[in-house]
$ cat final24.pdb   # PDB, C-alpha atoms
ATOM      1  CA  MET A   1     127.520 115.343  49.984
ATOM      2  CA  SER A   2     129.301 114.236  53.157
ATOM      3  CA  GLY A   3     132.972 113.436  53.192
ATOM      4  CA  SER A   4     132.295 109.851  54.308
ATOM      5  CA  ASN A   5     130.096 109.248  51.253
ATOM      6  CA  VAL A   6     132.758 110.647  48.922
ATOM      7  CA  PHE A   7     135.371 108.452  50.600
ATOM      8  CA  LYS A   8     133.101 105.439  50.096
ATOM      9  CA  GLY A   9     132.793 106.316  46.396
ATOM     10  CA  VAL A  10     136.562 106.697  46.070
ATOM     11  CA  VAL A  11     137.105 103.273  47.686
ATOM     12  CA  LEU A  12     134.549 101.605  45.367
ATOM     13  CA  VAL A  13     136.022 103.140  42.202
ATOM     14  CA  GLY A  14     139.569 102.462  43.386
ATOM     15  CA  LEU A  15     138.858  98.788  44.073
ATOM     16  CA  GLY A  16     137.109  98.440  40.711
ATOM     17  CA  ALA A  17     140.029 100.002  38.858
ATOM     18  CA  SER A  18     142.508  97.869  40.808
ATOM     19  CA  SER A  19     140.574  94.749  39.775
ATOM     20  CA  TYR A  20     140.960  95.731  36.134
ATOM     21  CA  GLY A  21     144.644  96.293  36.782
ATOM     22  CA  MET A  22     145.116  92.691  37.927
ATOM     23  CA  LEU A  23     143.505  91.222  34.818
ATOM     24  CA  ALA A  24     146.437  91.206  32.384
ATOM     25  CA  THR A  25     148.675  89.392  34.867
ATOM     26  CA  PHE A  26     146.158  86.531  35.095
ATOM     27  CA  VAL A  27     146.032  86.402  31.290
ATOM     28  CA  LYS A  28     149.819  86.216  31.111
ATOM     29  CA  LEU A  29     149.848  83.381  33.657
ATOM     30  CA  ALA A  30     147.225  81.515  31.605
ATOM     31  CA  TYR A  31     149.397  81.940  28.500
ATOM     32  CA  GLY A  32     152.261  80.457  30.492
ATOM     33  CA  GLU A  33     150.179  77.276  30.781
ATOM     34  CA  ASN A  34     149.681  77.230  26.987
ATOM     35  CA  TYR A  35     146.071  78.379  26.922
ATOM     36  CA  THR A  36     145.082  80.289  23.782
ATOM     37  CA  THR A  37     143.603  83.782  23.498
ATOM     38  CA  ALA A  38     140.321  82.194  22.367
ATOM     39  CA  GLU A  39     140.175  79.962  25.458
ATOM     40  CA  VAL A  40     140.963  82.873  27.766
ATOM     41  CA  THR A  41     138.337  85.229  26.318
ATOM     42  CA  VAL A  42     135.582  82.624  25.929
ATOM     43  CA  SER A  43     135.926  81.420  29.529
ATOM     44  CA  GLN A  44     135.916  84.996  30.820
ATOM     45  CA  PHE A  45     132.767  85.970  28.926
ATOM     46  CA  ILE A  46     130.814  82.796  29.714
ATOM     47  CA  TYR A  47     131.494  83.128  33.439
ATOM     48  CA  GLY A  48     130.827  86.868  33.191
ATOM     49  CA  ILE A  49     127.420  86.357  31.572
ATOM     50  CA  VAL A  50     126.448  83.699  34.141
ATOM     51  CA  GLY A  51     127.549  86.028  36.945
ATOM     52  CA  MET A  52     125.529  88.966  35.596
ATOM     53  CA  LEU A  53     122.455  86.740  35.110
ATOM     54  CA  LEU A  54     122.663  85.758  38.792
ATOM     55  CA  ILE A  55     123.144  89.385  39.861
ATOM     56  CA  ASN A  56     120.140  90.504  37.795
ATOM     57  CA  ALA A  57     118.016  87.706  39.272
ATOM     58  CA  PHE A  58     119.099  88.701  42.794
ATOM     59  CA  ASN A  59     118.323  92.383  42.170
ATOM     60  CA  LYS A  60     114.897  91.481  40.806
ATOM     61  CA  SER A  61     114.056  89.320  43.823
ATOM     62  CA  LYS A  62     115.172  91.995  46.307
ATOM     63  CA  ALA A  63     113.569  94.977  44.549
ATOM     64  CA  LYS A  64     110.648  96.495  46.449
ATOM     65  CA  ARG A  65     109.117  97.714  43.218
ATOM     66  CA  ALA A  66     109.122  96.463  39.665
ATOM     67  CA  VAL A  67     112.507  96.832  37.969
ATOM     68  CA  GLU A  68     112.345  98.737  34.695
ATOM     69  CA  LYS A  69     112.925  96.229  31.918
ATOM     70  CA  ALA A  70     115.032  96.883  28.850
ATOM     71  CA  THR A  71     113.070  97.377  25.642
ATOM     72  CA  PRO A  72     114.051  95.503  22.443
ATOM     73  CA  LYS A  73     115.620  98.771  21.233
ATOM     74  CA  ASN A  74     117.618  99.086  24.484
ATOM     75  CA  ILE A  75     118.835  95.505  24.146
ATOM     76  CA  PHE A  76     119.884  95.958  20.534
ATOM     77  CA  ASN A  77     121.734  99.224  21.246
ATOM     78  CA  LEU A  78     123.482  97.792  24.302
ATOM     79  CA  MET A  79     124.547  94.639  22.477
ATOM     80  CA  LEU A  80     125.826  96.766  19.603
ATOM     81  CA  ALA A  81     127.796  98.914  22.053
ATOM     82  CA  GLY A  82     129.033  95.724  23.724
ATOM     83  CA  THR A  83     130.743  94.532  20.546
ATOM     84  CA  SER A  84     133.485  97.072  21.243
ATOM     85  CA  LEU A  85     133.823  95.541  24.724
ATOM     86  CA  GLY A  86     134.450  92.141  23.133
ATOM     87  CA  MET A  87     136.976  93.640  20.734
ATOM     88  CA  THR A  88     138.788  95.329  23.639
ATOM     89  CA  SER A  89     139.254  91.980  25.399
ATOM     90  CA  VAL A  90     140.438  90.203  22.249
ATOM     91  CA  PHE A  91     142.822  92.991  21.189
ATOM     92  CA  TYR A  92     144.233  93.552  24.695
ATOM     93  CA  TYR A  93     144.854  89.851  25.305
ATOM     94  CA  LEU A  94     146.546  89.543  21.913
ATOM     95  CA  CYS A  95     148.711  92.518  22.899
ATOM     96  CA  VAL A  96     149.706  90.830  26.187
ATOM     97  CA  ARG A  97     150.756  87.738  24.234
ATOM     98  CA  TYR A  98     153.489  89.700  22.430
ATOM     99  CA  ILE A  99     154.714  92.311  24.925
ATOM    100  CA  ASN A 100     155.067  92.822  28.675
ATOM    101  CA  VAL A 101     152.001  93.609  30.782
ATOM    102  CA  SER A 102     153.665  96.778  32.073
ATOM    103  CA  ILE A 103     153.876  98.113  28.507
ATOM    104  CA  ALA A 104     150.491  96.764  27.377
ATOM    105  CA  ILE A 105     148.642  98.729  30.076
ATOM    106  CA  VAL A 106     150.434 101.912  28.992
ATOM    107  CA  LEU A 107     149.222 101.359  25.431
ATOM    108  CA  LEU A 108     145.671 100.798  26.716
ATOM    109  CA  MET A 109     145.889 104.136  28.530
ATOM    110  CA  GLN A 110     146.108 105.889  25.166
ATOM    111  CA  THR A 111     142.331 106.102  25.601
ATOM    112  CA  VAL A 112     143.088 109.453  27.267
ATOM    113  CA  TRP A 113     143.969 111.214  24.014
ATOM    114  CA  MET A 114     141.789 108.992  21.841
ATOM    115  CA  GLY A 115     138.769 110.018  23.907
ATOM    116  CA  VAL A 116     139.592 113.698  23.368
ATOM    117  CA  LEU A 117     139.940 113.097  19.628
ATOM    118  CA  LEU A 118     136.675 111.124  19.406
ATOM    119  CA  GLU A 119     134.822 113.819  21.340
ATOM    120  CA  TRP A 120     136.193 116.420  18.931
ATOM    121  CA  ILE A 121     135.109 114.439  15.852
ATOM    122  CA  LEU A 122     131.650 113.329  17.008
ATOM    123  CA  GLU A 123     130.555 116.287  19.098
ATOM    124  CA  LYS A 124     132.349 118.994  17.106
ATOM    125  CA  ARG A 125     133.822 120.258  20.355
ATOM    126  CA  ALA A 126     137.421 121.398  20.097
ATOM    127  CA  PRO A 127     139.582 120.392  23.077
ATOM    128  CA  SER A 128     140.558 123.062  25.576
ATOM    129  CA  GLY A 129     144.144 124.126  26.045
ATOM    130  CA  GLN A 130     144.181 122.144  29.288
ATOM    131  CA  LYS A 131     143.216 118.934  27.464
ATOM    132  CA  ILE A 132     145.784 119.522  24.722
ATOM    133  CA  ILE A 133     148.511 119.933  27.356
ATOM    134  CA  ALA A 134     147.304 116.755  29.074
ATOM    135  CA  VAL A 135     147.444 114.834  25.780
ATOM    136  CA  LEU A 136     151.020 116.002  25.172
ATOM    137  CA  ILE A 137     151.939 114.865  28.693
ATOM    138  CA  VAL A 138     150.352 111.455  28.004
ATOM    139  CA  LEU A 139     152.363 111.059  24.814
ATOM    140  CA  THR A 140     155.561 112.059  26.618
ATOM    141  CA  GLY A 141     154.758 109.661  29.442
ATOM    142  CA  THR A 142     154.102 106.882  26.932
ATOM    143  CA  ILE A 143     157.537 107.334  25.359
ATOM    144  CA  LEU A 144     159.149 107.032  28.787
ATOM    145  CA  ALA A 145     156.896 104.239  30.111
ATOM    146  CA  THR A 146     157.455 102.001  27.080
ATOM    147  CA  ASN A 147     161.198 102.699  27.259
ATOM    148  CA  ILE A 148     161.454 102.974  23.476
ATOM    149  CA  LEU A 149     164.300 105.483  23.855
ATOM    150  CA  ASN A 150     166.466 102.613  25.046
ATOM    151  CA  ASN A 151     167.899 100.964  21.939
ATOM    152  CA  ALA A 152     168.309  97.713  23.828
ATOM    153  CA  VAL A 153     164.529  97.314  24.077
ATOM    154  CA  ALA A 154     162.894  95.694  21.048
ATOM    155  CA  LEU A 155     159.110  95.965  21.164
ATOM    156  CA  ASP A 156     157.172  93.474  19.059
ATOM    157  CA  TRP A 157     155.202  95.539  16.540
ATOM    158  CA  ARG A 158     152.287  93.086  16.860
ATOM    159  CA  GLY A 159     151.977  93.906  20.539
ATOM    160  CA  ILE A 160     152.032  97.641  19.838
ATOM    161  CA  PHE A 161     149.416  97.282  17.082
ATOM    162  CA  TRP A 162     147.014  95.209  19.186
ATOM    163  CA  GLY A 163     147.568  97.460  22.190
ATOM    164  CA  LEU A 164     146.564 100.559  20.211
ATOM    165  CA  MET A 165     143.604  98.681  18.730
ATOM    166  CA  ALA A 166     142.522  97.753  22.267
ATOM    167  CA  ALA A 167     142.777 101.400  23.309
ATOM    168  CA  ALA A 168     140.679 102.480  20.304
ATOM    169  CA  SER A 169     137.931  99.931  21.003
ATOM    170  CA  PHE A 170     137.979 100.709  24.737
ATOM    171  CA  THR A 171     137.555 104.387  23.903
ATOM    172  CA  THR A 172     134.463 103.482  21.895
ATOM    173  CA  THR A 173     133.147 101.388  24.797
ATOM    174  CA  MET A 174     133.548 104.249  27.270
ATOM    175  CA  PHE A 175     132.020 106.765  24.878
ATOM    176  CA  THR A 176     128.907 104.681  24.223
ATOM    177  CA  ALA A 177     128.441 103.029  27.636
ATOM    178  CA  ASN A 178     127.305 106.254  29.302
ATOM    179  CA  ARG A 179     124.999 107.255  26.455
ATOM    180  CA  VAL A 180     123.045 104.083  25.677
ATOM    181  CA  ALA A 181     119.929 102.970  27.610
ATOM    182  CA  ILE A 182     120.918 104.859  30.757
ATOM    183  CA  GLY A 183     117.361 104.542  32.125
ATOM    184  CA  ILE A 184     117.704 100.868  33.052
ATOM    185  CA  SER A 185     119.761  99.288  35.831
ATOM    186  CA  SER A 186     123.531  99.018  35.497
ATOM    187  CA  ALA A 187     123.282  95.231  35.986
ATOM    188  CA  GLN A 188     120.985  94.914  32.962
ATOM    189  CA  ARG A 189     123.191  97.211  30.917
ATOM    190  CA  SER A 190     126.294  95.193  31.819
ATOM    191  CA  LEU A 191     124.556  91.924  30.935
ATOM    192  CA  TYR A 192     123.449  93.009  27.456
ATOM    193  CA  MET A 193     126.812  94.605  26.704
ATOM    194  CA  LEU A 194     128.481  91.327  27.688
ATOM    195  CA  LEU A 195     126.155  89.431  25.360
ATOM    196  CA  GLY A 196     127.139  91.773  22.535
ATOM    197  CA  GLY A 197     130.803  91.316  23.372
ATOM    198  CA  ALA A 198     130.349  87.550  23.465
ATOM    199  CA  ILE A 199     129.346  87.589  19.781
ATOM    200  CA  ILE A 200     132.766  89.030  18.924
ATOM    201  CA  VAL A 201     134.616  86.724  21.304
ATOM    202  CA  PHE A 202     132.907  83.560  20.068
ATOM    203  CA  GLY A 203     133.412  84.590  16.455
ATOM    204  CA  PHE A 204     137.113  85.180  17.159
ATOM    205  CA  ALA A 205     137.378  81.781  18.848
ATOM    206  CA  LEU A 206     135.755  79.973  15.924
ATOM    207  CA  ALA A 207     138.063  81.725  13.473
ATOM    208  CA  THR A 208     141.342  81.221  15.349
ATOM    209  CA  GLN A 209     141.118  78.113  17.550
ATOM    210  CA  ASN A 210     142.857  75.457  15.445
ATOM    211  CA  THR A 211     143.354  72.963  18.283
ATOM    212  CA  PRO A 212     140.760  71.197  20.475
ATOM    213  CA  PHE A 213     139.348  73.650  23.029
ATOM    214  CA  ASN A 214     140.989  73.092  26.415
ATOM    215  CA  PHE A 215     138.057  73.201  28.843
ATOM    216  CA  THR A 216     140.340  73.096  31.897
ATOM    217  CA  ILE A 217     140.617  76.880  31.468
ATOM    218  CA  PHE A 218     137.221  77.077  33.195
ATOM    219  CA  MET A 219     138.565  75.374  36.320
ATOM    220  CA  LYS A 220     141.863  77.252  36.411
ATOM    221  CA  TRP A 221     141.729  80.835  35.145
ATOM    222  CA  GLY A 222     138.254  81.501  33.755
ATOM    223  CA  ILE A 223     136.674  82.396  37.100
ATOM    224  CA  PHE A 224     139.505  84.813  37.975
ATOM    225  CA  LEU A 225     139.297  86.507  34.584
ATOM    226  CA  ALA A 226     135.520  86.895  34.888
ATOM    227  CA  LEU A 227     135.616  88.169  38.461
ATOM    228  CA  PHE A 228     138.374  90.725  37.908
ATOM    229  CA  GLY A 229     137.372  91.652  34.347
ATOM    230  CA  THR A 230     133.613  91.459  33.864
ATOM    231  CA  ILE A 231     131.872  91.155  37.247
ATOM    232  CA  ILE A 232     133.591  92.997  40.114
ATOM    233  CA  PRO A 233     134.814  96.159  38.287
ATOM    234  CA  PRO A 234     131.472  97.138  36.662
ATOM    235  CA  ILE A 235     129.568  96.596  39.930
ATOM    236  CA  LEU A 236     132.012  98.613  42.037
ATOM    237  CA  MET A 237     132.554 101.397  39.519
ATOM    238  CA  ASN A 238     128.847 101.755  38.701
ATOM    239  CA  ALA A 239     128.230 102.099  42.442
ATOM    240  CA  GLY A 240     131.133 104.476  43.014
ATOM    241  CA  PHE A 241     130.946 106.884  40.066
ATOM    242  CA  PRO A 242     127.542 108.392  41.023
ATOM    243  CA  ILE A 243     129.048 109.271  44.420
ATOM    244  CA  THR A 244     132.408 110.627  43.262
ATOM    245  CA  GLY A 245     131.256 112.222  40.020
ATOM    246  CA  ILE A 246     132.989 111.813  36.666
ATOM    247  CA  GLY A 247     135.963 114.051  37.453
ATOM    248  CA  LEU A 248     137.088 112.534  40.753
ATOM    249  CA  GLY A 249     136.070 109.056  39.582
ATOM    250  CA  SER A 250     138.245 109.320  36.477
ATOM    251  CA  ILE A 251     141.212 110.368  38.591
ATOM    252  CA  VAL A 252     140.769 107.470  41.021
ATOM    253  CA  SER A 253     140.261 104.969  38.184
ATOM    254  CA  ALA A 254     143.796 105.779  37.010
ATOM    255  CA  LEU A 255     144.875 103.394  39.783
ATOM    256  CA  GLU A 256     144.498 100.681  37.151
ATOM    257  CA  LEU A 257     147.823 101.717  35.629
ATOM    258  CA  PRO A 258     150.159 101.451  38.671
ATOM    259  CA  VAL A 259     148.324  98.342  39.961
ATOM    260  CA  SER A 260     148.799  96.567  36.628
ATOM    261  CA  VAL A 261     152.489  97.470  36.466
ATOM    262  CA  MET A 262     153.048  96.515  40.104
ATOM    263  CA  MET A 263     151.355  93.124  39.576
ATOM    264  CA  ALA A 264     153.572  92.476  36.557
ATOM    265  CA  PHE A 265     156.642  93.565  38.521
ATOM    266  CA  VAL A 266     155.899  91.404  41.598
ATOM    267  CA  ILE A 267     154.234  88.296  40.116
ATOM    268  CA  LEU A 268     155.654  88.111  36.582
ATOM    269  CA  ASN A 269     159.091  89.531  37.500
ATOM    270  CA  GLU A 270     158.908  92.024  34.640
ATOM    271  CA  LYS A 271     161.683  94.589  34.743
ATOM    272  CA  VAL A 272     160.385  98.136  35.260
ATOM    273  CA  ILE A 273     163.090 100.801  35.417
ATOM    274  CA  PHE A 274     162.861 104.257  37.007
ATOM    275  CA  LEU A 275     162.347 105.914  33.608
ATOM    276  CA  GLN A 276     159.219 103.814  33.074
ATOM    277  CA  TRP A 277     157.827 104.688  36.506
ATOM    278  CA  THR A 278     158.384 108.341  35.611
ATOM    279  CA  GLY A 279     156.369 107.906  32.430
ATOM    280  CA  ILE A 280     153.572 106.173  34.356
ATOM    281  CA  ALA A 281     153.507 109.043  36.845
ATOM    282  CA  LEU A 282     153.221 111.522  33.958
ATOM    283  CA  ILE A 283     150.240 109.654  32.489
ATOM    284  CA  ILE A 284     148.465 109.650  35.863
ATOM    285  CA  PHE A 285     149.238 113.367  36.243
ATOM    286  CA  ALA A 286     147.721 114.010  32.809
ATOM    287  CA  ILE A 287     144.515 112.194  33.805
ATOM    288  CA  VAL A 288     144.303 114.338  36.943
ATOM    289  CA  LEU A 289     144.940 117.481  34.869
ATOM    290  CA  MET A 290     142.144 116.627  32.426
ATOM    291  CA  ASN A 291     139.603 116.138  35.222
ATOM    292  CA  ILE A 292     140.609 118.587  37.944
ATOM    293  CA  ASN A 293     138.188 121.291  36.765
ATOM    294  CA  LEU A 294     135.291 118.830  36.735
ATOM    295  CA  LYS A 295     136.151 117.905  40.275
ATOM    296  CA  LYS A 296     136.029 121.548  41.360
ATOM    297  CA  LYS A 297     132.664 122.080  39.709
ATOM    298  CA  GLU A 298     131.198 119.104  41.527
TER     299      GLU A 298
END
$ encode --input "final24.pdb" --output "structure tokens"
Amino acid sequence: MSGSNVFKGVVLVGLGASSYGMLATFVKLAYGENYTTAEVTVSQFIYGIVGMLLINAFNKSKAKRAVEKATPKNIFNLMLAGTSLGMTSVFYYLCVRYINVSIAIVLLMQTVWMGVLLEWILEKRAPSGQKIIAVLIVLTGTILATNILNNAVALDWRGIFWGLMAAASFTTTMFTANRVAIGISSAQRSLYMLLGGAIIVFGFALATQNTPFNFTIFMKWGIFLALFGTIIPPILMNAGFPITGIGLGSIVSALELPVSVMMAFVILNEKVIFLQWTGIALIIFAIVLMNINLKKKE
């Protein structure tokens, strides 16, 4: 594969990951205008579903041959897998309500060691020494990045709980997304996973929204949340990963972490000290360490 193609893949994955990194800052800004978690998630998923319907219709009209349609079994499996996507959004946005974005994204990055653990449990494949070292580096980086060693910092336990729950559900999403109905187009897969996630999101909204739904969220923040959370990233990353491969793609996608922290630092004026940047660097290094052999093989 030519270097220009690999560079193109790196740019696509990097832009997709950066889009994800911007998401929590928009959520925090919406909270600042007194929108609820239910309003934020519902608006994101409705716009996301509409966007993916339009993309699927466009792909179908431009296809030179018939697009392979999802079977009822494919649809069911994708919607089931998508429920974890809905839970990730709900849990992560609840986390952001209670703690800083710069710390919430670090908690979400615990998917690194959770993925290793899930792989070990489900596939009966013990992690290599390299992965174990990487996990230890992630945990060390997390301690530094959350600044819990500083007694002056009081982290809301609710934020930590929801952040870890978001990481667990996101790990499930990543584990199933690349194993379910891989024979159909990525646009169809994204659509049905969004529909599955919407079931969770709408159920959460019905259970928690105790005030009249504020529909102005659709004019203010909903479109941004959908674009940067459910439309742009899947399109770019699904286009980029086949070019870069899993190893290099996973390394580049770690851009989500520094982008998220930088957005919180610049736009939300969150304080991020040198110790936290060191922890973030360690987490990124661990992601590189876990994937460097895959990159060489490719």
$ resolve_selection --input "final24.pdb" --expression "the PyMOL selection byres ((chain A and resi 133-144) around 8)" --output "JSON, numbers by chain"
{"A": [106, 107, 110, 112, 113, 129, 130, 131, 132, 145, 146, 147, 148, 149, 275, 276, 278, 279, 280, 281, 282, 283, 286, 287, 289, 290]}
$ resolve_selection --input "final24.pdb" --expression "the PyMOL selection byres ((chain A and resi 159-175) around 9)" --output "JSON, numbers by chain"
{"A": [81, 82, 83, 84, 85, 86, 87, 88, 89, 90, 91, 92, 93, 94, 95, 96, 97, 98, 99, 100, 103, 104, 105, 106, 107, 108, 109, 110, 111, 112, 114, 115, 118, 119, 155, 156, 157, 158, 176, 177, 178, 179]}
$ resolve_selection --input "final24.pdb" --expression "the PyMOL selection byres ((chain A and resi 12) around 8)" --output "list in words"
Lys8, Gly9, Val10, Val11, Val13, Gly14, Leu15, Gly16, Leu236, Met237, Ala239 and Gly240 of chain A
$ atom_distance --input "final24.pdb" --atom1 "atom CA of A:Leu255" --atom2 "atom CA of A:Ser190"
21.8 Å
$ residues_around --input "final24.pdb" --residues "A:Gly229" --least-positions-apart "3" --cutoff "6 Å" --atoms "only C-alpha atoms" --output "PDB file with C-alpha atoms, in the frame of the given file"
ATOM      1  CA  TYR A  20     140.960  95.731  36.134  1.00  0.00           C
ATOM      2  CA  LEU A 225     139.297  86.507  34.584  1.00  0.00           C
ATOM      3  CA  ALA A 226     135.520  86.895  34.888  1.00  0.00           C
TER       4      ALA A 226
END
$ atom_distance --input "final24.pdb" --atom1 "atom CA of A:Lys271" --atom2 "atom CA of A:Val40"
24.8 Å
$ atom_distance --input "final24.pdb" --atom1 "atom CA of A:Gly51" --atom2 "atom CA of A:Ile235"
11.2 Å
$ closest_residue --input "final24.pdb" --among "A:Tyr31, A:Phe241, A:Phe228, A:Phe215" --to "A:Phe7" --atoms "all atoms listed in the file"
A:Phe241
